[in-house]
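K.L.:
Below is the structure I would like to discuss, written out as structure tokens.
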Amino acid sequence: MVNQLCVTLYSSHDMEYRKKAEAQLEPLTRIDNIPKLQFVMENTTEHYSQFFVAQTLLRQLSDHWNALTEDNKLQLRSWLVNVIGTKGPSMQRHPLKQLILLLCRLTKLGWLDNPTHQNLPQDVHNFFLKSTNTDHISIGLMILNTLIGEINQVAPKRTLTQHRKTSVSFREGCLFDLFKTALMTLETVRRGPNSDQNITEQGLQLALACLTFDFVGIFPDDSSDDLGTVQIPNSWRPVLIEHDTMQLFWDLYKVLPAPRSTDCLKCIVQFASVRRSLFQTDEERRGWLGRILAGLLNILKEKQGLDVQENYQEFCRLLSRIKPNYQLYELVNADSYAEWIELSAQFTVSSFRNWRVTNNSHFFLLALWSRLVTSQPYLKGEKPSRLETYVPQVTSEYIRSRLELAQAAVQQPDVVENVLEDQDILVSQLESVPVLVRSCYPKMGPFILNLFTPILQEFTQGCNMGQVNDEVNKKFEILEGQLAWLVYVMGAVVGHHVIGTPSPEAEVMDADLTANIFNLQQTMQRRQEMQGALQSTSLQRLESAALYFLHNFRKVYIGEAVTPCSRVYPRLNELTGLEDHMAVLNLIVTKTIQNLKIWRGCERLISETLNLFCDLSAGYSTGRFLLKLDSVRYLLSSHNSSEFPFLDDFANSKYRSKFYRTITNLLWMETVAESSFELYMKPFQQIFMQLESLQTPEQFRHPGVKTPLVGLLRDLRGICFSCVNKRTYTLFFEWIFPQHMELFRRVCQVFATDCSVSIPLLKFFADFVQNRSQRIMFDSSSPNGILLFKEASTLLQIYGQAVLNKNDLPAAGTSRTADTRLYEERYKGFYVCMNMLARTLNGNYCNFGAMSHYKDDALDRALDIVIKMALSIPLNDLMAYPKVAAAYYSLMDELFSNHCQRLAATETASFLQMVRSLEEAIKAVSLNRTVILAATQAISHLTTYYFTQTQKQTQYANMLNVHFQQDPEIFPRILNSIFNIVLFEECPNQWSLSRPMLPLILMNPKFFQDYKQQVVGSVAGDKQPRLMEAFDKLMVGIEKNLENPNRDKFTTNLTAFRQQTKMLL
């Protein structure tokens, strides 16, 4: 029966059958059914059943560790060793791996509790590795491999302190013996290269696992290509530095096929990264380096194994690891350095020439040479580094290979990937290139120009042609791709300046490169006028490269510090007639304006152009420079869609806010009179007048109305965002309020269920009511604060009622398309509404008490509708969308902080739903720290309010009691969750958690005593008195009040409590 259910669960294509099988197997997943699971494992040969048992036991062990007695754990350990030994050789690999993982998880969790668990490596040696059965030997090595991996990872519900204690104990007691076991196994393989493949594989992986162990507990990123220094313990030194240890892996590399040979290289990479302090003398270190270089030279000469791509890439990684762990002078003084640097250069050049098959390895090779070059200025001694000979060869070949790649990407698009499509990947590839180019700039600068000039000439000739056909377009694609690569390289070089003042010659060469880019831009203008040019993706990539260059040039040569003394501008004046930084700045601004006018159909270029323009205006000095330009003055007076057609495209509407935020920032850089601001806003006033003339919903829904309406809302949001102080915000507020509020209400009524309009409207108003940097400050006699809130309240009600009454949305979880639609049409608007309400509540410009006193129900209506929207979101969906969760818990924090009286009057079901959502948030691992902090603060506000009102015996305490009578265990559950976090998890928010803990303990003293007895009873008998003492000390000196000194005392006690219990749990 179990076999059949397990087969159905894991292999059936019918979801209903799988659910039924899972339901029938569910009783076996309970902690008290471990004996039944063991019986199934002992009496089945079905691999699905074996996998189910192993997986279930693993989950029970991880989730209910403290529920198992020490005898249970030891019995389970003995049973696992026996089952793996007897049934392991006949089991399929997947269930066997799960069983081994279960044994290793058990060993890790119990490592510090019982010495028996620490005997697993010795037991494996006795029961498996001494066997003559190759299957047993392979399984034994697999256990050791898995054990190292398990020890190296933080177990669920374990603190970092517990993990590090286990890790250090394992490192000191077992790891070196396991490394020696790996060496002995591999020595057997070297003597007989036809050894069992599984033993060879596991032996190499065991050696690699030992060498990559996290010796110092820093949790390195496995995805990083920079592996850093390997902190081998001193006790390993006699074995590690022995000549035959590293030679073993060089020898195995020669005789083993891939992927075993790749594992050999991975181990050698670790040897090359061994910490410097392991060697007692310089002679030892030189000998170690000599053995590494000797092995590299053998491979470089014979090319053995490099026809396998995995070997090739790992060999390149090994080359790149040489320099980070050895100073350049150490390499130069090595006997084989001259031969190594020559062969490495030849290998690198060959790799770049054969870029079709070696492209993934170029990053490591470029890193090698850039690191060597970076150390060149610090080289001491008389021996030459020879880098001046080889670096130009390497760099020039790499650049040539990019031109070949650009041509092949056009001629063979299905075979060759065009890296220019993704600028982030492209820029990461170019990180090392400017270092190499600048190290030999007198040679490489002219070389780049010699490549660039003929391509530019051919491109110019093509732009002068009258007719364009397919052949010409194909040629344009090649030329534009090659030019784009060169422009990116030139941009990276110009934007890279080493520490210190650049030499006059380098700045002159920068000017030569820049002049050629400016000439290219003139030619590109003619190209843009050709038929079909604006639809050419290759031209768009070239435009993107030009923007990248301008961004880097601005970063280095346009600014307060560098402009007056730069040698670039005199040279630019000679070559292009651009006299100074203002002329260049005007050229860049002209370029951005031109792009915004002609590239309306390319979102990528619009975005990148706006990013450049935003960077220009963000700096104080460059912003002031911009205001001196006629082109910018013209822009401030003529910024409507007739001048910038991209504003008319609905697809570009999301960029409108950034566009107007940028140019409005420029406007605010000078003291603006009200008349000047009204002149700036005149285009928007005209749009308002046109929209306000519409009378009926049908007129609003006309296709020609929606685009300008959404555009207006996004434009206003950008302008509002740029208002960062009272002066600027007041100008904007008085221009728009209250005369245009009626239009917003009508738009919300008509388009509430159309998210393409309602979301921009809500986002604008959420920004409009946000008191960022205390910019909203009305006079004491002004009613504007209350009026502004009432407008926000009205919009919230109109939108919320319309969307909540909409019943044509799909249920959550039915499909990915349904979830996307649900988010776009419901949750997105809801979280913006929650943000809007939270911002109005904490804006400090509206006196809500006065509103309540005069029977104004705007606040009540806003709270009612937003709470309905918030609570209509299922908790799973709330946790799944980060922006929704952030808005929800931020609102809860604000509501429970200042509006508990109002919440106490809500319906019990709604109130408890809010509290339960807070309970779930503090336990959630998917939420970020800020969201959990907001939920914790909300709980603190609620518990504090409830405690104080109960002490005073107010009507609000009675109202809250009515709610909590429906779920009397809610506070004990929350306290239980917080205690579990404090005791068993890392707890980064300890201070925040301490704030609700005290009122919860004071309100639930019986639960606190019960929890204390439960935790104390779960540990070994010798630890119970000390744990009980720690719990007792937690409340020492704590009074039954929530005054700040008492809270601070409890927080101090909690810190000491946590430190004491970490030693016991």
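Ordering of the structure tokens sets the chain letters (A, B, ...); residue numbers start at 1 within each chain; ligands are numbered from 1 in the order shown.
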Please list as a ChimeraX atom specification every residue within 9 Å of Gln467 in chain A, counting only C-alpha atoms and excluding residues in the same chain fewer than 3 positions away.
P.N.:
/A:472,530-531
K.L.:
So that I can check the surroundings of range 607-617 of chain A, please list as number ranges by chain every protein, DNA and RNA residue that reaches within 8 Å of it, counting only C-alpha atoms and ignoring chain neighbours fewer than 4 positions away.
P.N.:
A: 544, 547, 551, 554, 589, 592, 595-596, 603, 622-623, 626, 655, 658-659, 662-663, 665-666
K.L.:
Hey, what's within 7 Å of Asp715 in chain A if we count only C-alpha atoms and toss same-chain stuff fewer than 3 positions away? As an NGL selection string, please?
P.N.:
:A and (656-657 or 660 or 711-712 or 718-719)
K.L.:
Keeping C-alpha atoms for every residue in the selection just given, could you write it to a file as an mmCIF file, in the first residue's frame?
P.N.:
data_model
loop_
_atom_site.group_PDB
_atom_site.id
_atom_site.type_symbol
_atom_site.label_atom_id
_atom_site.label_comp_id
_atom_site.auth_asym_id
_atom_site.auth_seq_id
_atom_site.Cartn_x
_atom_site.Cartn_y
_atom_site.Cartn_z
ATOM 1 C CA ARG A 656 7.719 61.015 -17.859
ATOM 2 C CA SER A 657 8.045 61.324 -14.085
ATOM 3 C CA TYR A 660 9.985 66.217 -15.235
ATOM 4 C CA GLY A 711 0.885 61.656 -18.995
ATOM 5 C CA LEU A 712 -0.314 64.592 -16.924
ATOM 6 C CA GLY A 718 7.773 63.996 -11.169
ATOM 7 C CA ILE A 719 7.318 67.696 -10.387
#
K.L.:
Could you write out, as a PyMOL selection string, all the residues of range 740-893 of chain A that DSSP marks as alpha helix (DSSP H)?
P.N.:
chain A and resi 741-751+755-768+784-804+816-822+828-841+848-853+858-871+875-880+882-893
K.L.:
Please provide the set of residues having any atom within 9 Å of Phe553 in chain A, restricted to only C-alpha atoms, with same-chain residues fewer than 6 positions apart removed, written as a PDB file with N, CA and C atoms, in the first residue's frame.
P.N.:
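Here's the written file out_14.pdb:
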ATOM      1  N   GLY A 491      35.133  54.386 -23.844  1.00  0.00           N
ATOM      2  CA  GLY A 491      34.440  54.947 -22.686  1.00  0.00           C
ATOM      3  C   GLY A 491      34.979  54.397 -21.380  1.00  0.00           C
ATOM      4  N   VAL A 494      38.480  56.063 -20.823  1.00  0.00           N
ATOM      5  CA  VAL A 494      38.396  57.472 -20.419  1.00  0.00           C
ATOM      6  C   VAL A 494      37.822  57.594 -19.011  1.00  0.00           C
ATOM      7  N   GLY A 495      36.889  56.732 -18.653  1.00  0.00           N
ATOM      8  CA  GLY A 495      36.262  56.805 -17.343  1.00  0.00           C
ATOM      9  C   GLY A 495      37.065  56.195 -16.228  1.00  0.00           C
ATOM     10  N   THR A 514      38.160  61.155 -27.244  1.00  0.00           N
ATOM     11  CA  THR A 514      36.895  61.881 -27.122  1.00  0.00           C
ATOM     12  C   THR A 514      36.551  62.613 -28.406  1.00  0.00           C
TER      13      THR A 514
END
K.L.:
Taking only C-alpha atoms into account, name the residue in A:Leu1064, A:Leu804, A:Cys267, A:Leu572 that is nearest to Val1015 in chain A.
P.N.:
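When distances to Val1015 in chain A are compared using only C-alpha atoms, the smallest one comes from A:Leu1064.
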K.L.:
Nearest residue to Ser566 in chain A out of A:Asn354, A:Thr590, A:Gln60, A:Ser503, using only C-alpha atoms?
P.N.:
A:Ser503
K.L.:
Any idea what's packed within 8 Å of Leu147 in chain A, counting only C-alpha atoms, ignoring anything in its chain fewer than 4 positions away? Could you give it as a PDB file with all heavy atoms, in the first residue's frame?
P.N.:
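Result file follows (selection36.pdb):
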ATOM      1  N   LEU A 101      22.261  12.064   3.948  1.00  0.00           N
ATOM      2  CA  LEU A 101      22.045  13.428   4.437  1.00  0.00           C
ATOM      3  C   LEU A 101      21.358  13.405   5.801  1.00  0.00           C
ATOM      4  O   LEU A 101      21.687  14.200   6.693  1.00  0.00           O
ATOM      5  CB  LEU A 101      21.206  14.216   3.429  1.00  0.00           C
ATOM      6  CG  LEU A 101      20.848  15.660   3.818  1.00  0.00           C
ATOM      7  CD1 LEU A 101      22.114  16.484   4.030  1.00  0.00           C
ATOM      8  CD2 LEU A 101      19.961  16.303   2.755  1.00  0.00           C
ATOM      9  N   CYS A 104      23.920  12.563   8.392  1.00  0.00           N
ATOM     10  CA  CYS A 104      24.834  13.684   8.627  1.00  0.00           C
ATOM     11  C   CYS A 104      24.127  14.843   9.332  1.00  0.00           C
ATOM     12  O   CYS A 104      24.742  15.526  10.165  1.00  0.00           O
ATOM     13  CB  CYS A 104      25.423  14.154   7.300  1.00  0.00           C
ATOM     14  SG  CYS A 104      26.482  12.923   6.506  1.00  0.00           S
ATOM     15  N   ARG A 105      22.846  15.064   9.045  1.00  0.00           N
ATOM     16  CA  ARG A 105      22.096  16.098   9.755  1.00  0.00           C
ATOM     17  C   ARG A 105      21.971  15.722  11.231  1.00  0.00           C
ATOM     18  O   ARG A 105      22.130  16.568  12.118  1.00  0.00           O
ATOM     19  CB  ARG A 105      20.714  16.256   9.122  1.00  0.00           C
ATOM     20  CG  ARG A 105      19.795  17.279   9.785  1.00  0.00           C
ATOM     21  CD  ARG A 105      20.229  18.706   9.525  1.00  0.00           C
ATOM     22  NE  ARG A 105      20.344  19.010   8.118  1.00  0.00           N
ATOM     23  CZ  ARG A 105      19.336  19.362   7.304  1.00  0.00           C
ATOM     24  NH1 ARG A 105      18.102  19.455   7.795  1.00  0.00           N
ATOM     25  NH2 ARG A 105      19.561  19.658   6.028  1.00  0.00           N
ATOM     26  N   LYS A 108      25.297  16.347  12.868  1.00  0.00           N
ATOM     27  CA  LYS A 108      25.586  17.769  13.093  1.00  0.00           C
ATOM     28  C   LYS A 108      24.786  18.325  14.261  1.00  0.00           C
ATOM     29  O   LYS A 108      25.334  19.011  15.132  1.00  0.00           O
ATOM     30  CB  LYS A 108      25.283  18.568  11.835  1.00  0.00           C
ATOM     31  CG  LYS A 108      25.438  20.062  12.055  1.00  0.00           C
ATOM     32  CD  LYS A 108      25.212  20.867  10.814  1.00  0.00           C
ATOM     33  CE  LYS A 108      25.378  22.353  11.132  1.00  0.00           C
ATOM     34  NZ  LYS A 108      25.356  23.196   9.952  1.00  0.00           N
ATOM     35  N   ILE A 143      29.508   9.497   2.525  1.00  0.00           N
ATOM     36  CA  ILE A 143      29.080   9.956   3.855  1.00  0.00           C
ATOM     37  C   ILE A 143      29.993  11.075   4.346  1.00  0.00           C
ATOM     38  O   ILE A 143      29.531  12.106   4.842  1.00  0.00           O
ATOM     39  CB  ILE A 143      29.077   8.778   4.854  1.00  0.00           C
ATOM     40  CG1 ILE A 143      28.004   7.760   4.476  1.00  0.00           C
ATOM     41  CG2 ILE A 143      28.847   9.282   6.281  1.00  0.00           C
ATOM     42  CD1 ILE A 143      28.045   6.490   5.312  1.00  0.00           C
ATOM     43  N   ILE A 151      28.140  20.130   7.806  1.00  0.00           N
ATOM     44  CA  ILE A 151      28.778  20.906   8.872  1.00  0.00           C
ATOM     45  C   ILE A 151      29.050  22.331   8.391  1.00  0.00           C
ATOM     46  O   ILE A 151      28.993  23.294   9.156  1.00  0.00           O
ATOM     47  CB  ILE A 151      30.090  20.228   9.315  1.00  0.00           C
ATOM     48  CG1 ILE A 151      29.815  18.879   9.984  1.00  0.00           C
ATOM     49  CG2 ILE A 151      30.881  21.146  10.234  1.00  0.00           C
ATOM     50  CD1 ILE A 151      29.215  18.979  11.360  1.00  0.00           C
TER      51      ILE A 151
END
K.L.:
Show me, as a list in words, the residues that have an atom within 7 Å of range 742-744 of chain A when counting only C-alpha atoms, minus same-chain residues fewer than 3 positions from it.
P.N.:
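Neighbouring residues, sequence-local ones excluded: Glu692, Val747 and Cys748 of chain A.
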K.L.:
From the list A:Val915, A:Ala850, A:Leu106, A:Leu405, which residue is nearest Leu61 in chain A when using only C-alpha atoms?
P.N.:
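Looking at the shortest contact to Leu61 in chain A, the residue is A:Leu106.
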